[in-house]
>>> print(open('protein-v1.cif').read())   # mmCIF, C-alpha atoms
data_model
loop_
_atom_site.label_atom_id
_atom_site.label_comp_id
_atom_site.auth_asym_id
_atom_site.auth_seq_id
_atom_site.Cartn_x
_atom_site.Cartn_y
_atom_site.Cartn_z
CA MET A 1251 0.00 0.00 0.00
CA VAL A 1252 1.34 3.41 -0.97
CA PHE A 1253 0.99 6.40 1.35
CA LYS A 1254 -1.13 9.19 -0.05
CA ASP A 1255 -0.25 12.68 1.05
CA GLU A 1256 -3.95 13.46 1.46
CA GLU A 1257 -6.32 14.09 4.30
CA GLU A 1258 -8.71 11.46 5.58
CA GLN A 1259 -11.69 13.13 3.95
CA ARG A 1260 -10.54 11.84 0.51
CA LEU A 1261 -8.84 8.53 1.23
CA TYR A 1262 -11.54 5.88 1.57
CA GLU A 1263 -13.89 4.47 -1.05
CA SER A 1264 -16.35 2.54 1.14
CA ALA A 1265 -17.44 2.46 4.76
CA VAL A 1266 -17.13 -1.10 6.06
CA ILE A 1267 -18.34 -3.10 9.05
CA LEU A 1268 -16.30 -6.27 9.43
CA GLU A 1269 -17.36 -9.25 11.55
CA LEU A 1270 -14.47 -11.18 13.09
CA HIS A 1271 -14.41 -14.53 14.86
CA PRO A 1272 -10.95 -14.70 16.47
CA GLY A 1273 -11.53 -18.20 17.78
CA ASP A 1274 -11.73 -19.81 14.33
CA ASN A 1275 -9.97 -17.12 12.26
CA CYS A 1276 -13.11 -16.33 10.25
CA SER A 1277 -14.26 -12.93 9.01
CA ARG A 1278 -16.79 -11.42 6.66
CA VAL A 1279 -17.86 -7.98 5.57
CA ARG A 1280 -21.36 -7.34 6.91
CA VAL A 1281 -21.86 -3.79 5.64
CA GLU A 1282 -20.24 -1.93 2.75
CA TYR A 1283 -21.73 1.52 2.45
CA ARG A 1284 -21.36 4.71 0.42
CA SER A 1285 -23.02 7.95 1.44
CA PRO A 1286 -25.48 9.42 -1.08
CA PRO A 1287 -24.31 12.46 -3.08
CA GLU A 1288 -26.67 14.86 -1.29
CA VAL A 1289 -24.78 14.43 2.01
CA ARG A 1290 -21.24 14.46 0.59
CA ALA A 1291 -19.05 17.48 -0.11
CA SER A 1292 -17.95 16.07 -3.47
CA SER A 1293 -17.68 12.85 -5.46
CA ARG A 1294 -14.16 12.42 -4.05
CA SER A 1295 -15.22 12.60 -0.41
CA SER A 1296 -14.36 9.60 1.75
CA ASN A 1297 -16.90 7.00 2.72
CA ILE A 1298 -15.97 5.90 6.22
CA PHE A 1299 -17.60 4.73 9.44
CA LYS A 1300 -16.33 6.54 12.52
CA ALA A 1301 -16.84 5.39 16.12
CA GLY A 1302 -20.14 3.96 17.30
CA THR A 1303 -21.89 2.07 20.09
CA LEU A 1304 -23.41 -1.41 20.23
CA VAL A 1305 -26.20 -1.69 22.81
CA ASN A 1306 -29.38 -3.76 23.15
CA GLY A 1307 -28.87 -5.45 19.80
CA ASN A 1308 -28.47 -2.20 17.86
CA LEU A 1309 -25.25 -0.80 16.40
CA TYR A 1310 -25.19 3.00 16.26
CA THR A 1311 -22.51 4.30 13.90
CA CYS A 1312 -21.77 7.40 11.87
CA THR A 1313 -20.13 8.63 8.72
CA SER A 1314 -18.80 12.18 8.54
CA THR A 1315 -22.32 13.49 7.85
CA GLU A 1316 -24.77 10.75 8.88
CA VAL A 1317 -25.93 8.63 11.80
CA LEU A 1318 -26.93 5.08 10.90
CA ILE A 1319 -28.50 2.44 13.13
CA TYR A 1320 -28.23 -1.26 12.31
CA GLU A 1321 -30.01 -4.18 13.91
CA VAL A 1322 -27.50 -6.84 14.95
CA PRO A 1323 -26.87 -9.59 13.88
CA SER A 1324 -28.97 -9.12 10.73
CA PHE A 1325 -27.40 -5.71 9.98
CA LYS A 1326 -30.71 -4.47 8.67
CA ARG A 1327 -30.65 -0.67 8.75
CA ILE A 1328 -33.38 0.56 11.10
CA GLY A 1329 -32.48 4.23 11.57
CA TYR A 1330 -30.92 7.17 9.71
CA VAL A 1331 -30.29 10.84 10.53
CA SER A 1332 -28.43 13.45 8.50
CA LEU A 1333 -28.61 17.13 9.43
CA PRO A 1334 -27.09 20.14 7.61
CA CYS A 1335 -25.06 20.93 10.74
CA PHE A 1336 -23.23 17.58 10.58
CA ASN A 1337 -19.54 17.84 9.63
CA ASP A 1338 -16.81 15.31 10.35
CA LEU A 1339 -18.82 13.36 12.93
CA HIS A 1340 -16.58 11.09 15.01
CA HIS A 1341 -18.92 9.23 17.37
CA VAL A 1342 -22.56 8.54 18.17
CA THR A 1343 -24.17 6.84 21.16
CA PRO A 1344 -27.78 6.44 22.33
CA THR A 1345 -28.88 8.20 25.51
CA ARG A 1346 -30.90 6.86 28.42
CA ASP A 1347 -33.89 8.88 27.18
CA GLU A 1348 -33.68 7.19 23.75
CA ASN A 1349 -32.11 10.08 21.87
CA LEU A 1350 -28.66 10.33 20.29
CA LEU A 1351 -25.44 12.03 21.35
CA VAL A 1352 -23.11 13.02 18.55
CA ALA A 1353 -19.50 14.25 18.53
CA ASN A 1354 -19.72 16.90 15.80
CA THR A 1355 -15.99 17.28 15.35
CA GLY A 1356 -16.06 19.67 12.41
CA LEU A 1357 -18.06 22.24 14.38
CA ASP A 1358 -16.25 21.66 17.70
CA MET A 1359 -19.57 20.72 19.29
CA GLY A 1360 -21.37 17.98 21.09
CA MET A 1361 -24.99 17.55 20.02
CA LYS A 1362 -28.13 15.76 21.13
CA VAL A 1363 -30.66 14.81 18.45
CA THR A 1364 -33.77 12.69 18.27
CA PRO A 1365 -33.85 9.54 16.12
CA ARG A 1366 -36.12 11.53 13.79
CA GLY A 1367 -33.53 14.26 13.30
CA GLU A 1368 -34.67 17.03 15.63
CA LEU A 1369 -31.77 18.94 17.19
CA LEU A 1370 -32.37 19.08 20.95
CA ALA A 1371 -29.10 20.57 22.21
CA ALA A 1372 -25.78 21.88 20.92
CA TRP A 1373 -22.81 22.41 23.24
CA ASP A 1374 -19.69 24.27 22.16
CA VAL A 1375 -16.83 22.26 23.67
CA LEU A 1376 -14.68 25.38 24.21
CA ASP A 1377 -17.17 27.17 26.46
CA GLU A 1378 -18.04 29.62 23.71
CA VAL A 1379 -21.57 30.57 22.74
CA PRO A 1380 -22.92 27.83 20.44
CA TRP A 1381 -23.07 28.93 16.79
CA SER A 1382 -20.81 31.93 17.39
CA ARG A 1383 -18.26 30.54 14.93
CA PHE A 1384 -20.61 28.62 12.65
CA SER A 1385 -23.84 29.44 10.85
CA ARG A 1386 -27.13 27.78 11.72
CA GLU A 1387 -28.21 28.16 8.09
CA ALA A 1388 -25.21 26.64 6.28
CA ASP A 1389 -25.14 23.04 5.03
CA TYR A 1390 -21.84 21.83 6.47
CA ARG A 1391 -22.27 18.43 4.85
CA LYS A 1392 -21.16 20.21 1.67
CA VAL A 1393 -18.02 21.64 3.33
CA GLU A 1394 -15.19 19.17 2.86
CA SER A 1395 -13.24 20.30 5.92
CA THR A 1396 -13.37 22.94 8.64
CA LYS A 1397 -9.79 22.16 9.76
CA PRO A 1398 -7.81 23.20 11.60
CA HIS A 1399 -10.13 22.42 14.48
CA ARG A 1400 -9.64 24.24 17.77
CA SER A 1401 -10.65 21.31 19.95
CA HIS A 1402 -11.56 18.26 17.84
CA PRO A 1403 -14.09 16.52 20.12
CA ASN A 1404 -14.09 12.85 19.23
CA PHE A 1405 -16.07 10.67 21.66
CA VAL A 1406 -19.27 11.28 23.66
CA PHE A 1407 -20.61 9.35 26.63
CA GLU A 1408 -22.95 9.61 29.62
CA LEU A 1409 -22.04 9.36 33.29
CA GLY A 1410 -25.23 9.33 35.32
CA ASP A 1411 -27.31 12.25 34.06
CA ASP A 1412 -24.30 14.09 32.63
CA VAL A 1413 -23.01 14.28 29.06
CA TRP A 1414 -19.25 14.05 28.47
CA VAL A 1415 -16.94 14.44 25.50
CA THR A 1416 -13.24 13.82 24.89
CA ARG A 1417 -11.24 16.75 23.48
CA PHE A 1418 -8.31 15.86 21.25
CA PHE A 1419 -6.23 19.03 21.49
CA GLN A 1420 -7.03 19.82 25.14
CA ARG A 1421 -6.11 16.23 26.10
CA ASP A 1422 -9.04 15.80 28.43
CA ALA A 1423 -12.67 14.85 28.81
CA ILE A 1424 -15.15 17.51 29.90
CA CYS A 1425 -18.70 17.44 31.14
CA LEU A 1426 -20.95 19.37 28.77
CA THR A 1427 -23.82 19.58 31.26
CA ASP A 1428 -21.73 20.60 34.28
CA ARG A 1429 -18.62 22.52 33.24
CA LYS A 1430 -17.08 22.21 36.70
CA LYS A 1431 -16.32 18.55 35.96
CA ARG A 1432 -13.24 17.62 33.94
CA ILE A 1433 -10.91 14.63 33.54
CA ASP A 1434 -7.30 15.59 32.85
CA LEU A 1435 -5.90 12.78 30.70
CA GLY A 1436 -2.47 14.36 30.18
CA GLY A 1437 0.04 12.74 27.85
CA GLU A 1438 -0.86 12.53 24.19
CA LYS A 1439 -4.15 13.29 22.46
CA PRO A 1440 -7.03 11.04 23.60
CA HIS A 1441 -9.87 9.14 22.04
CA ASP A 1442 -12.66 6.86 23.26
CA GLY A 1443 -14.28 6.81 26.71
CA VAL A 1444 -15.70 3.31 27.05
CA ALA A 1445 -17.14 2.30 30.43
CA LEU A 1446 -16.78 -1.04 32.20
CA ALA A 1447 -17.38 -1.92 35.86
CA GLY A 1448 -16.96 1.58 37.24
CA TYR A 1449 -14.03 2.58 35.05
CA LEU A 1450 -13.55 4.54 31.82
CA TYR A 1451 -11.06 3.34 29.22
CA PHE A 1452 -9.44 5.96 27.00
CA THR A 1453 -6.82 5.47 24.29
CA THR A 1454 -4.22 8.04 23.31
CA VAL A 1455 -2.98 8.25 19.74
CA ASP A 1456 0.58 7.23 20.66
CA GLY A 1457 -0.51 3.86 22.09
CA ARG A 1458 -1.42 4.32 25.74
CA LEU A 1459 -4.45 3.04 27.60
CA VAL A 1460 -5.64 5.48 30.28
CA ILE A 1461 -8.00 4.00 32.89
CA VAL A 1462 -10.07 6.44 34.95
CA ASN A 1463 -12.20 5.82 38.01
CA ALA A 1464 -15.70 6.85 36.92
CA THR A 1465 -16.62 7.97 40.44
CA THR A 1466 -13.57 10.01 41.45
CA LEU A 1467 -12.78 11.08 37.83
CA LEU A 1468 -9.10 10.45 38.54
CA VAL A 1469 -6.63 8.53 36.40
CA GLU A 1470 -5.76 5.31 38.21
CA THR A 1471 -3.72 3.42 35.61
CA ILE A 1472 -1.79 4.22 32.44
CA VAL A 1473 -0.67 1.25 30.35
CA ASP A 1474 1.99 2.08 27.74
CA LEU A 1475 1.37 -0.50 25.04
CA ASN A 1476 4.61 0.49 23.31
CA GLN A 1477 6.63 -0.80 26.28
CA ILE A 1478 5.11 -4.23 25.75
CA GLU A 1479 6.69 -4.12 22.27
CA GLY A 1480 10.13 -3.25 23.59
CA ASP A 1481 12.61 -0.54 22.61
CA GLY A 1482 13.27 0.06 18.93
CA ALA A 1483 9.96 -1.35 17.67
CA ALA A 1484 8.13 0.54 14.95
CA PRO A 1485 5.12 2.60 16.10
CA LEU A 1486 2.04 0.46 16.65
CA GLY A 1487 -0.07 2.89 14.64
CA TRP A 1488 -2.66 5.59 15.25
CA CYS A 1489 -4.29 4.20 18.39
CA ARG A 1490 -8.04 4.48 18.81
CA ALA A 1491 -10.85 1.95 19.34
CA VAL A 1492 -10.97 0.03 22.59
CA LEU A 1493 -13.08 -2.86 23.84
CA PRO A 1494 -12.46 -3.84 27.47
CA LEU A 1495 -13.59 -7.42 28.06
CA SER A 1496 -12.64 -7.48 31.73
CA GLU A 1497 -10.32 -5.72 34.15
CA THR A 1498 -7.52 -7.75 32.60
CA LEU A 1499 -8.30 -8.24 28.90
CA VAL A 1500 -8.66 -5.36 26.45
CA TRP A 1501 -8.86 -5.22 22.65
CA VAL A 1502 -7.22 -2.12 21.14
CA GLY A 1503 -7.25 -0.90 17.53
CA PHE A 1504 -4.37 0.62 15.55
CA THR A 1505 -4.63 2.35 12.17
CA ARG A 1506 -1.68 2.60 9.78
CA VAL A 1507 -0.03 6.00 10.21
CA ARG A 1508 -0.42 8.17 7.13
CA LYS A 1509 1.18 11.48 6.28
CA THR A 1510 -0.88 14.57 6.98
CA LYS A 1511 -0.38 18.25 6.35
CA PHE A 1512 -1.22 18.83 10.03
CA VAL A 1513 2.23 17.68 11.10
CA GLU A 1514 1.65 18.51 14.76
CA ASN A 1515 -0.76 15.59 14.95
CA LEU A 1516 2.13 13.19 14.28
CA LEU A 1517 4.86 14.56 16.52
CA TRP A 1518 4.59 11.44 18.69
CA VAL A 1519 5.91 9.30 15.80
CA LYS A 1520 9.51 9.41 16.97
CA HIS A 1521 10.82 6.90 14.44
CA GLY A 1522 9.55 8.82 11.43
CA PHE A 1523 7.96 7.20 8.37
CA ARG A 1524 9.62 3.99 7.33
CA GLU A 1525 9.32 2.17 4.04
CA ARG A 1526 6.70 -0.09 5.56
CA GLU A 1527 4.73 1.04 8.59
CA ARG A 1528 2.59 -1.42 10.47
CA PRO A 1529 -0.72 -2.17 8.77
CA THR A 1530 -4.05 -1.49 10.42
CA HIS A 1531 -4.71 -4.14 13.06
CA ILE A 1532 -6.28 -4.96 16.42
CA ARG A 1533 -4.58 -6.50 19.45
CA LEU A 1534 -5.80 -8.32 22.52
CA TYR A 1535 -3.81 -7.34 25.62
CA ASP A 1536 -3.47 -8.75 29.09
CA ILE A 1537 -2.91 -5.37 30.73
CA VAL A 1538 -2.03 -6.91 34.10
CA GLY A 1539 0.49 -9.41 32.78
CA LYS A 1540 1.65 -6.84 30.18
CA ASN A 1541 1.38 -9.27 27.28
CA CYS A 1542 -0.07 -9.11 23.78
CA LEU A 1543 -2.16 -12.29 23.45
CA ARG A 1544 -3.44 -11.91 19.90
CA GLU A 1545 -2.97 -9.72 16.82
CA ILE A 1546 -5.27 -9.62 13.79
CA GLU A 1547 -4.18 -7.68 10.69
CA LEU A 1548 -7.19 -6.02 9.05
CA GLU A 1549 -6.08 -4.57 5.72
CA THR A 1550 -6.11 -7.97 3.99
CA LEU A 1551 -9.67 -8.41 5.30
CA GLY A 1552 -10.88 -5.16 3.71
CA LEU A 1553 -10.46 -2.65 6.56
CA ASP A 1554 -7.89 0.14 6.16
CA VAL A 1555 -8.85 2.32 9.12
CA ILE A 1556 -10.48 1.42 12.43
CA PHE A 1557 -12.54 3.58 14.79
CA GLY A 1558 -14.48 1.04 16.84
CA ILE A 1559 -14.43 -2.52 18.18
CA TYR A 1560 -17.70 -4.09 19.37
CA PRO A 1561 -18.64 -7.49 20.86
CA ALA A 1562 -20.53 -9.49 18.24
CA PRO A 1563 -23.26 -11.62 19.88
CA GLN A 1564 -21.94 -14.80 18.23
CA CYS A 1565 -18.47 -14.46 19.73
CA ALA A 1566 -19.00 -13.12 23.23
#
>>> encode(input="protein-v1.cif", output="structure tokens")
Amino acid sequence: MVFKDEEEQRLYESAVILELHPGDNCSRVRVEYRSPPEVRASSRSSNIFKAGTLVNGNLYTCTSTEVLIYEVPSFKRIGYVSLPCFNDLHHVTPTRDENLLVANTGLDMGMKVTPRGELLAAWDVLDEVPWSRFSREADYRKVESTKPHRSHPNFVFELGDDVWVTRFFQRDAICLTDRKKRIDLGGEKPHDGVALAGYLYFTTVDGRLVIVNATTLLVETIVDLNQIEGDGAAPLGWCRAVLPLSETLVWVGFTRVRKTKFVENLLWVKHGFRERERPTHIRLYDIVGKNCLREIELETLGLDVIFGIYPAPQCA
């Protein structure tokens, strides 16, 4: 595979959901999707699924300009929302009141919408007045990029009655409904925010797993996955996508590092670009024993970039 010196918004031809069965080394593409022209900036715009949430037999996922809901395991599409204010969406999750939270990365906002497409709330993640930098009337689905972003929110989640979002450039997670609450993640730029048994699991792009106590909002553990590889190893990749199975076992996703004109996003790549960087893959870690138990390369299976890992019902 040859590196393209292009941004993500033009790299990918189809959005793909891949089903994996690690136990018997089987896989199949369950969804291959292309956004319709009316919600794309141009015919060259990427088709890509960003991060989502699997809950109660439904997979909630998003492209840059759409929210799609699939029934699992049939993968019949049962829901769809696309609003003019959507630009570079990075994550969607259902709320306890049966609405949808969206990380609207291109507008530096978190949003709450109904499954029918009514906008209920819009929070500027930088504590500015919502819509002070962006127009309510514009169709941002037709704007290829609003970069450089000032915050780049990339993952939304609920804790109790509160709404939270991770902020890439501020290296934290903030509460959108109570601005006094904040989780300082430190280190490199974060992603994710997946909950399990009273803890939140965040990844950072340089290959660290940050585990936060969901009650105290304090970082309790940082696992440097690079140290498991040993000194001198090539970078694992752009780290995002996490699926904690237990307090010990965690799946983590890594996307092949590609060149970008926003060089500051890649300063953590200390080894520079080699002739052959690691392909996109997922790894199963024992984070207590500090071992990698399994690695599955994804590019040969049809997946070039990964944003989410979810537990398929057949292979719990």
>>> closest_residue(input="protein-v1.cif", among="A:Gly1552, A:Gly1437, A:Gly1273, A:Gly1558", to="Leu1493 (chain A)", atoms="all atoms listed in the file")
A:Gly1558
>>> closest_residue(input="protein-v1.cif", among="A:Thr1465, A:Gly1302, A:Pro1365, A:Asp1347", to="Tyr1330 (chain A)", atoms="all atoms listed in the file")
A:Pro1365
>>> atom_distance(input="protein-v1.cif", atom1="CA of Val1363 (chain A)", atom2="CA of Tyr1449 (chain A)")
26.5 Å
>>> closest_residue(input="protein-v1.cif", among="A:Lys1397, A:Arg1432, A:Arg1346, A:Arg1386", to="Ala1464 (chain A)", atoms="only C-alpha atoms")
A:Arg1432
>>> closest_residue(input="protein-v1.cif", among="A:Val1469, A:Arg1417, A:Gly1307, A:Thr1343", to="Pro1561 (chain A)", atoms="only C-alpha atoms")
A:Gly1307
>>> resolve_selection(input="protein-v1.cif", expression="the PyMOL selection byres ((chain A and resi 1491) around 9)", output="number ranges by chain")
A: 1301, 1441-1442, 1452-1453, 1489-1490, 1492-1493, 1501-1504, 1532, 1556-1559
>>> closest_residue(input="protein-v1.cif", among="A:Leu1426, A:Val1379, A:Leu1339, A:Ile1472", to="Asn1404 (chain A)", atoms="all atoms listed in the file")
A:Leu1339
>>> residues_around(input="protein-v1.cif", residues="Gly1480 (chain A)", least_positions_apart="4", cutoff="12 Å", atoms="only C-alpha atoms", output="CSV table (one decimal) with C-alpha atoms, in the coordinates of the input")
chain,number,residue,atom,x,y,z
A,1474,ASP,CA,2.0,2.1,27.7
A,1475,LEU,CA,1.4,-0.5,25.0
A,1476,ASN,CA,4.6,0.5,23.3
A,1484,ALA,CA,8.1,0.5,15.0
A,1485,PRO,CA,5.1,2.6,16.1
A,1486,LEU,CA,2.0,0.5,16.6
A,1540,LYS,CA,1.6,-6.8,30.2
A,1541,ASN,CA,1.4,-9.3,27.3
A,1542,CYS,CA,-0.1,-9.1,23.8
>>> resolve_selection(input="protein-v1.cif", expression="the PyMOL selection byres ((chain A and resi 1360) around 9)", output="list in words")
Leu1351, Val1352, Ala1353, Asn1354, Thr1355, Leu1357, Asp1358, Met1359, Met1361, Lys1362, Ala1371, Ala1372, Trp1373, Asp1374, Val1375, Pro1403, Val1406, Val1413, Trp1414, Val1415 and Leu1426 of chain A
>>> closest_residue(input="protein-v1.cif", among="A:Ala1291, A:Leu1304, A:Ile1424, A:Val1500", to="Pro1334 (chain A)", atoms="all atoms listed in the file")
A:Ala1291
>>> residues_around(input="protein-v1.cif", residues="Leu1268 (chain A)", least_positions_apart="5", cutoff="8 Å", atoms="all atoms listed in the file", output="PDB file with C-alpha atoms, keeping the file's coordinate frame")
ATOM      1  CA  SER A1277     -14.260 -12.930   9.010  1.00  0.00           C
ATOM      2  CA  ARG A1278     -16.790 -11.420   6.660  1.00  0.00           C
ATOM      3  CA  VAL A1279     -17.860  -7.980   5.570  1.00  0.00           C
ATOM      4  CA  ARG A1280     -21.360  -7.340   6.910  1.00  0.00           C
ATOM      5  CA  VAL A1281     -21.860  -3.790   5.640  1.00  0.00           C
ATOM      6  CA  GLY A1552     -10.880  -5.160   3.710  1.00  0.00           C
ATOM      7  CA  LEU A1553     -10.460  -2.650   6.560  1.00  0.00           C
TER       8      LEU A1553
END
>>> atom_distance(input="protein-v1.cif", atom1="CA of His1340 (chain A)", atom2="CA of Ser1264 (chain A)")
16.3 Å
>>> resolve_selection(input="protein-v1.cif", expression="the PyMOL selection byres ((chain A and resi 1544) around 6)", output="CSV table (one decimal) with C-alpha atoms, keeping the file's coordinate frame")
chain,number,residue,atom,x,y,z
A,1533,ARG,CA,-4.6,-6.5,19.4
A,1534,LEU,CA,-5.8,-8.3,22.5
A,1542,CYS,CA,-0.1,-9.1,23.8
A,1543,LEU,CA,-2.2,-12.3,23.4
A,1545,GLU,CA,-3.0,-9.7,16.8
>>> atom_distance(input="protein-v1.cif", atom1="CA of Tyr1262 (chain A)", atom2="CA of Asp1554 (chain A)")
8.2 Å
>>> residues_around(input="protein-v1.cif", residues="region 1308-1321 of chain A", least_positions_apart="6", cutoff="10 Å", atoms="only C-alpha atoms", output="MDAnalysis selection string")
chainID A and resid 1259 1265 1267 1281 1283:1285 1289:1291 1295:1302 1327:1344 1350 1352:1356 1365 1367 1390:1392 1394 1558 1560
>>> axis_aligned_box(input="protein-v1.cif", around="region 1550-1555 of chain A", padding_each_side="8 Å", output="lines of an AutoDock Vina configuration file")
center_x = -8.5
center_y = -3.0
center_z = 6.4
size_x = 20.8
size_y = 26.7
size_z = 21.4
>>> build_atoms(input="protein-v1.cif", residues="region 1381-1399 of chain A", atoms="N, CA and C atoms", output="PDB file, in the frame of the given file")
ATOM      1  N   TRP A1381     -22.798  28.296  18.074  1.00  0.00           N
ATOM      2  CA  TRP A1381     -23.070  28.930  16.790  1.00  0.00           C
ATOM      3  C   TRP A1381     -22.405  30.290  16.638  1.00  0.00           C
ATOM      4  N   SER A1382     -21.505  30.649  17.556  1.00  0.00           N
ATOM      5  CA  SER A1382     -20.810  31.930  17.390  1.00  0.00           C
ATOM      6  C   SER A1382     -19.772  31.870  16.279  1.00  0.00           C
ATOM      7  N   ARG A1383     -19.246  30.687  16.004  1.00  0.00           N
ATOM      8  CA  ARG A1383     -18.260  30.540  14.930  1.00  0.00           C
ATOM      9  C   ARG A1383     -18.834  29.913  13.665  1.00  0.00           C
ATOM     10  N   PHE A1384     -20.007  29.336  13.777  1.00  0.00           N
ATOM     11  CA  PHE A1384     -20.610  28.620  12.650  1.00  0.00           C
ATOM     12  C   PHE A1384     -22.035  29.093  12.432  1.00  0.00           C
ATOM     13  N   SER A1385     -22.519  28.960  11.216  1.00  0.00           N
ATOM     14  CA  SER A1385     -23.840  29.440  10.850  1.00  0.00           C
ATOM     15  C   SER A1385     -24.887  28.349  11.039  1.00  0.00           C
ATOM     16  N   ARG A1386     -26.018  28.729  11.602  1.00  0.00           N
ATOM     17  CA  ARG A1386     -27.130  27.780  11.720  1.00  0.00           C
ATOM     18  C   ARG A1386     -27.734  27.442  10.362  1.00  0.00           C
ATOM     19  N   GLU A1387     -27.552  28.325   9.383  1.00  0.00           N
ATOM     20  CA  GLU A1387     -28.210  28.160   8.090  1.00  0.00           C
ATOM     21  C   GLU A1387     -27.388  27.364   7.075  1.00  0.00           C
ATOM     22  N   ALA A1388     -26.074  27.277   7.271  1.00  0.00           N
ATOM     23  CA  ALA A1388     -25.210  26.640   6.280  1.00  0.00           C
ATOM     24  C   ALA A1388     -25.386  25.115   6.291  1.00  0.00           C
ATOM     25  N   ASP A1389     -25.142  24.490   5.133  1.00  0.00           N
ATOM     26  CA  ASP A1389     -25.140  23.040   5.030  1.00  0.00           C
ATOM     27  C   ASP A1389     -23.689  22.576   5.090  1.00  0.00           C
ATOM     28  N   TYR A1390     -23.244  22.194   6.274  1.00  0.00           N
ATOM     29  CA  TYR A1390     -21.840  21.830   6.470  1.00  0.00           C
ATOM     30  C   TYR A1390     -21.520  20.435   5.932  1.00  0.00           C
ATOM     31  N   ARG A1391     -22.528  19.706   5.520  1.00  0.00           N
ATOM     32  CA  ARG A1391     -22.270  18.430   4.850  1.00  0.00           C
ATOM     33  C   ARG A1391     -21.581  18.662   3.513  1.00  0.00           C
ATOM     34  N   LYS A1392     -21.748  19.863   2.962  1.00  0.00           N
ATOM     35  CA  LYS A1392     -21.160  20.210   1.670  1.00  0.00           C
ATOM     36  C   LYS A1392     -19.809  20.911   1.824  1.00  0.00           C
ATOM     37  N   VAL A1393     -19.339  21.036   3.059  1.00  0.00           N
ATOM     38  CA  VAL A1393     -18.020  21.640   3.330  1.00  0.00           C
ATOM     39  C   VAL A1393     -17.061  20.490   3.605  1.00  0.00           C
ATOM     40  N   GLU A1394     -16.063  20.344   2.743  1.00  0.00           N
ATOM     41  CA  GLU A1394     -15.190  19.170   2.860  1.00  0.00           C
ATOM     42  C   GLU A1394     -14.445  19.140   4.190  1.00  0.00           C
ATOM     43  N   SER A1395     -13.970  20.285   4.659  1.00  0.00           N
ATOM     44  CA  SER A1395     -13.240  20.300   5.920  1.00  0.00           C
ATOM     45  C   SER A1395     -13.314  21.678   6.555  1.00  0.00           C
ATOM     46  N   THR A1396     -13.453  21.691   7.876  1.00  0.00           N
ATOM     47  CA  THR A1396     -13.370  22.940   8.640  1.00  0.00           C
ATOM     48  C   THR A1396     -12.050  23.019   9.408  1.00  0.00           C
ATOM     49  N   LYS A1397     -11.098  22.145   9.086  1.00  0.00           N
ATOM     50  CA  LYS A1397      -9.790  22.160   9.760  1.00  0.00           C
ATOM     51  C   LYS A1397      -9.037  23.432   9.430  1.00  0.00           C
ATOM     52  N   PRO A1398      -8.170  23.863  10.346  1.00  0.00           N
ATOM     53  CA  PRO A1398      -7.810  23.200  11.600  1.00  0.00           C
ATOM     54  C   PRO A1398      -8.855  23.412  12.686  1.00  0.00           C
ATOM     55  N   HIS A1399      -9.192  22.337  13.368  1.00  0.00           N
ATOM     56  CA  HIS A1399     -10.130  22.420  14.480  1.00  0.00           C
ATOM     57  C   HIS A1399      -9.437  22.989  15.710  1.00  0.00           C
TER      58      HIS A1399
END
